[in-house]
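Novice: For reference, the structure I am asking about is given below.
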Amino acid sequence: MTRVRPLMLISAVLGLAGCPTKDKYDPLPTVRITSPTIDTTYTNGSLHIGAAIEPPLDVPIQLRKDGAAFTTLMPPSYEYTWDTTKTIEGAYTLTAEVDFSDATARSVPVTVVVDRTPPTLTRTPAPGAVDVALRAPIQVAFSEPIVLAHAPDDTFSLLNNGSVVPTSITLDSQGRTATIRIGDPSALSLPTTLVATITGPITDRAGNVAALPSSDWFWDVPTFVKLPPLAIDPDIPPTTRLPAFAIGSDRQPVFATASRVTPGGSDWRIQLSKCDDAGWLPLPPPSDDVDSASRGVALAVAGAQPVIAWRPSATDRAEIAVSSWNGTAWDPLPGIALASGGARTDLAPILRVGPDQRPVILWSTGDSYFLARRTQNGWDQEFGAIPINTLLPFDGNHFDMILDDGGDPIVSWINPSGTGHVAAWNGGAWRATPDSPNVNEPFLALDSNRRPMGVVSGGPGALLVQRLGGENKWQILPVAPVPPQAKHPRIAAGPSGLPVVAYFEAQTASVGMARWTGERWDTRAFTFGAAAIDQPPQIVVDRDGTAWIGWREAANQFDIWMPNY
């Protein structure tokens, strides 16, 4: 049993001068704060504070706030009511202490946050917004973590023509942002107006009630979101890849193609533009080379900023040039030395950006494919060469590349007989898949199992999406219903791995699109456009699952639309 000297008890009770004393060989008593019971407490009014000392001693406990003396808790209750209404808002650290002659017993600190400011909120899309993507984020962001009086599904709801839209509601890990996700976007009939509601009360952790907006929260979802068309040169060189666009993490498209330096001239320059709320903003050319675009230009985005690759025309530069946009200017990267075929002019590089935001580049010399991956120290060309089975009549668009989730390349190409070839890099060697007949376009995407998918022709009015199965065999999805004259299929997939197929329709000179929902093909936006060029359209699915389609029009323009389904 611990023995406490009578002098210490008498001193404490009588309030004599000096600190309580205790035998130095006895264990130091333990002081703790019993209320509040959690490490961090929020309050906007009165807060009950309690403490205790063990073993029980009839001594006062000193309560400190941020290290300074705050108040004294007297035995036996050791309680205090703190009226925080006159305290400056902020976080305070409380400790309970008892000083003895040779040591101080101190509690574990607790934090009290005094907060009398109600949370504010912002809504995305903004109330009254027009031309909103169906899959655009629907979010309520609060200025601080919140506490809901009801379950999330009872707090936030979505209506379409007066009917409740099935949704799922999630709060982020900080409890500050509520995200509303539409269960089945394909079930909505477009165009439409969506209306969201917020049911309170909603408070912060101190109990301050958020003032919910008095204005209605609604936004328009059209069938298509149409970007302003881009003027392009009608005669793009055959060694240049088709005009391309990409979607950044800011959901703003970037466009790249080639344009003549002077009308009717023979020199071509890289043409780049980025779209924002004000329209298309031309970016300066990345090179002073007046003929920089005649040998190919490739585009990708790293985050929100474009990265491009091209073959400089200068004969003394046997390399592929690469540059990234930093928001205000181009930052050139070291060039890629062309170890083989550097003297050829039929280079049309393909550029992709991996999960680590590092670019991977593929190019052809007409008889082989070569790759380079950016590293911290330069360009890694460990991949070697992929020989092409049959020499192609080169037009810069017979091969393609995607990157798997680890950033390793998967390369596809076709030969004039319509046979498709795919090779995947496994970290040390190329692994080929079975050849596929009736492949007219080389484009690939990754399915939900992160395996490659492509499109093969099933005859008039039939496009077949095939995906690589677990036994290295191609498996066919149900036939995509397309018009009989559909050709030039192109495939893409978003985070879900569900394929979206775009195509050119020769009879009406239009483009079309079909999206696989996991159970069926959704073809609501069957065909659109009326003067498309006989070329593959481009299809991009952004990180929100929204599909964007772009194509060349006969009127020397490039259109980018976002079908809202």
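Here, A, B, ... name the chains of the structure tokens in the order displayed, residue numbers run from 1 inside each chain, and ligands are numbered from 1 in the same displayed order.
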Skip range 553-557 of chain A itself and residues of its chain fewer than 5 positions away, then list as an NGL selection string all residues within 9 Å of it, counting only C-alpha atoms.
Specialist: :A and (229-234 or 529-533)
Novice: Which residue is closest to Ala96 in chain A? Choose from A:Ile33, A:Ala258, A:Ala547, A:Leu148 and count only C-alpha atoms.
Specialist: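 Once distances to Ala96 in chain A are computed over only C-alpha atoms, the minimum belongs to A:Ile33.
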Novice: Tell me, which residues of range 456-527 of chain A carry DSSP strand (DSSP E or B), written as a PyMOL selection string?
Specialist: chain A and resi 456-457+462-468+474-476+480-481+486-493+499-505+510-516+521-522+527
Novice: Quick one: residues within 12 Å of Ile350 in chain A, only C-alpha atoms, excluding same-chain residues fewer than 3 positions away - as a short mmCIF file (atom, residue, chain, number, x, y, z; two decimals) with N, CA and C atoms, in the first residue's frame?
Specialist:
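Listing of out20.cif after writing:
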data_model
loop_
_atom_site.label_atom_id
_atom_site.label_comp_id
_atom_site.auth_asym_id
_atom_site.auth_seq_id
_atom_site.Cartn_x
_atom_site.Cartn_y
_atom_site.Cartn_z
N THR A 240 1.70 12.81 -90.88
CA THR A 240 1.24 13.33 -89.60
C THR A 240 0.03 12.52 -89.14
N ARG A 241 -0.01 12.21 -87.88
CA ARG A 241 -1.18 11.51 -87.36
C ARG A 241 -2.40 12.41 -87.45
N LEU A 242 -3.57 11.79 -87.36
CA LEU A 242 -4.81 12.55 -87.45
C LEU A 242 -4.86 13.59 -86.34
N ALA A 244 -5.73 15.37 -83.03
CA ALA A 244 -5.97 14.66 -81.78
C ALA A 244 -6.39 15.64 -80.70
N GLY A 296 5.06 14.42 -88.05
CA GLY A 296 4.29 13.79 -86.99
C GLY A 296 4.26 14.58 -85.71
N VAL A 297 3.10 14.64 -85.07
CA VAL A 297 2.95 15.28 -83.77
C VAL A 297 2.03 14.41 -82.93
N ALA A 298 2.40 14.21 -81.68
CA ALA A 298 1.62 13.38 -80.77
C ALA A 298 1.26 14.21 -79.55
N LEU A 299 0.12 13.88 -78.93
CA LEU A 299 -0.41 14.67 -77.83
C LEU A 299 -0.86 13.76 -76.69
N ALA A 300 -0.60 14.19 -75.45
CA ALA A 300 -1.16 13.57 -74.25
C ALA A 300 -1.25 14.66 -73.20
N VAL A 307 1.38 17.50 -73.09
CA VAL A 307 2.73 17.06 -73.44
C VAL A 307 2.69 16.66 -74.90
N ILE A 308 3.70 17.05 -75.66
CA ILE A 308 3.71 16.73 -77.09
C ILE A 308 5.06 16.15 -77.48
N ALA A 309 5.04 15.40 -78.58
CA ALA A 309 6.25 14.81 -79.15
C ALA A 309 6.19 14.95 -80.65
N TRP A 310 7.34 15.20 -81.28
CA TRP A 310 7.39 15.36 -82.73
C TRP A 310 8.81 15.08 -83.22
N ARG A 311 8.92 14.89 -84.52
CA ARG A 311 10.21 14.64 -85.17
C ARG A 311 10.68 15.94 -85.79
N ILE A 320 13.56 12.38 -81.56
CA ILE A 320 12.19 12.83 -81.35
C ILE A 320 12.23 13.85 -80.23
N VAL A 322 10.50 16.31 -77.37
CA VAL A 322 9.39 16.23 -76.43
C VAL A 322 9.36 17.51 -75.60
N LEU A 347 8.12 9.14 -89.68
CA LEU A 347 7.92 8.96 -88.25
C LEU A 347 6.63 9.64 -87.83
N VAL A 353 0.82 9.06 -71.39
CA VAL A 353 1.34 9.41 -70.07
C VAL A 353 0.87 8.37 -69.08
N PRO A 359 5.93 10.27 -69.55
CA PRO A 359 5.52 9.90 -70.91
C PRO A 359 6.21 8.64 -71.42
N VAL A 360 5.47 7.92 -72.27
CA VAL A 360 5.99 6.79 -73.03
C VAL A 360 5.70 7.09 -74.49
N ILE A 361 6.68 6.88 -75.36
CA ILE A 361 6.55 7.25 -76.77
C ILE A 361 6.82 6.04 -77.65
N LEU A 362 5.97 5.87 -78.64
CA LEU A 362 6.09 4.80 -79.64
C LEU A 362 6.23 5.45 -81.01
N TRP A 363 7.14 4.93 -81.83
CA TRP A 363 7.25 5.43 -83.19
C TRP A 363 7.60 4.28 -84.14
N SER A 364 7.36 4.53 -85.40
CA SER A 364 7.59 3.51 -86.43
C SER A 364 8.62 4.02 -87.43
N TYR A 369 8.85 -1.11 -84.82
CA TYR A 369 8.38 -0.13 -83.85
C TYR A 369 9.40 -0.02 -82.72
N PHE A 370 9.57 1.20 -82.23
CA PHE A 370 10.49 1.46 -81.13
C PHE A 370 9.76 2.25 -80.05
N LEU A 371 10.20 2.08 -78.81
CA LEU A 371 9.58 2.78 -77.68
C LEU A 371 10.64 3.37 -76.77
N ALA A 372 10.24 4.40 -76.05
CA ALA A 372 11.10 5.01 -75.03
C ALA A 372 10.21 5.47 -73.89
N ARG A 373 10.68 5.25 -72.66
CA ARG A 373 9.93 5.67 -71.48
C ARG A 373 10.79 6.65 -70.68
N GLY A 396 0.80 6.78 -91.09
CA GLY A 396 0.92 7.26 -89.72
C GLY A 396 -0.21 6.84 -88.81
N ASN A 397 -1.13 5.99 -89.26
CA ASN A 397 -2.28 5.65 -88.43
C ASN A 397 -2.59 4.16 -88.43
N HIS A 398 -1.58 3.34 -88.65
CA HIS A 398 -1.79 1.89 -88.65
C HIS A 398 -1.37 1.26 -87.33
N PHE A 399 -1.00 2.02 -86.34
CA PHE A 399 -0.57 1.44 -85.08
C PHE A 399 -1.03 2.32 -83.93
N ASP A 400 -1.09 1.72 -82.75
CA ASP A 400 -1.59 2.45 -81.58
C ASP A 400 -0.91 1.87 -80.34
N MET A 401 -1.08 2.55 -79.23
CA MET A 401 -0.49 2.11 -77.96
C MET A 401 -1.36 2.59 -76.81
N ILE A 402 -1.52 1.75 -75.80
CA ILE A 402 -2.09 2.14 -74.53
C ILE A 402 -1.13 1.71 -73.44
N LEU A 403 -1.33 2.20 -72.23
CA LEU A 403 -0.50 1.82 -71.10
C LEU A 403 -1.38 1.11 -70.07
N PRO A 409 3.67 -0.55 -71.70
CA PRO A 409 2.96 -0.37 -72.97
C PRO A 409 2.35 -1.65 -73.51
N VAL A 411 1.10 -2.53 -77.39
CA VAL A 411 1.18 -1.99 -78.75
C VAL A 411 0.32 -2.83 -79.68
N SER A 412 -0.40 -2.16 -80.57
CA SER A 412 -1.21 -2.87 -81.57
C SER A 412 -0.90 -2.30 -82.94
N PHE A 443 -6.90 0.52 -82.79
CA PHE A 443 -7.08 1.18 -81.49
C PHE A 443 -7.44 0.19 -80.39
#
Novice: Interatomic distance between CA of Val59 in chain A and CA of Ser77 in chain A?
Specialist: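 So the two atoms, CA of Val59 in chain A and CA of Ser77 in chain A, lie 11.2 Å apart.
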Novice: Counting only C-alpha atoms, what is within 9 Å of Ser186 in chain A, bar same-chain residues fewer than 3 positions away, as a PyMOL selection string?
Specialist: chain A and resi 189+517+522+524+565
Novice: Just want the 10 Å neighbourhood of Thr72 in chain A, counted on only C-alpha atoms, with same-chain residues fewer than 6 positions away dropped. Output as a PyMOL selection string.
Specialist: chain A and resi 60-64+78-80+96-97
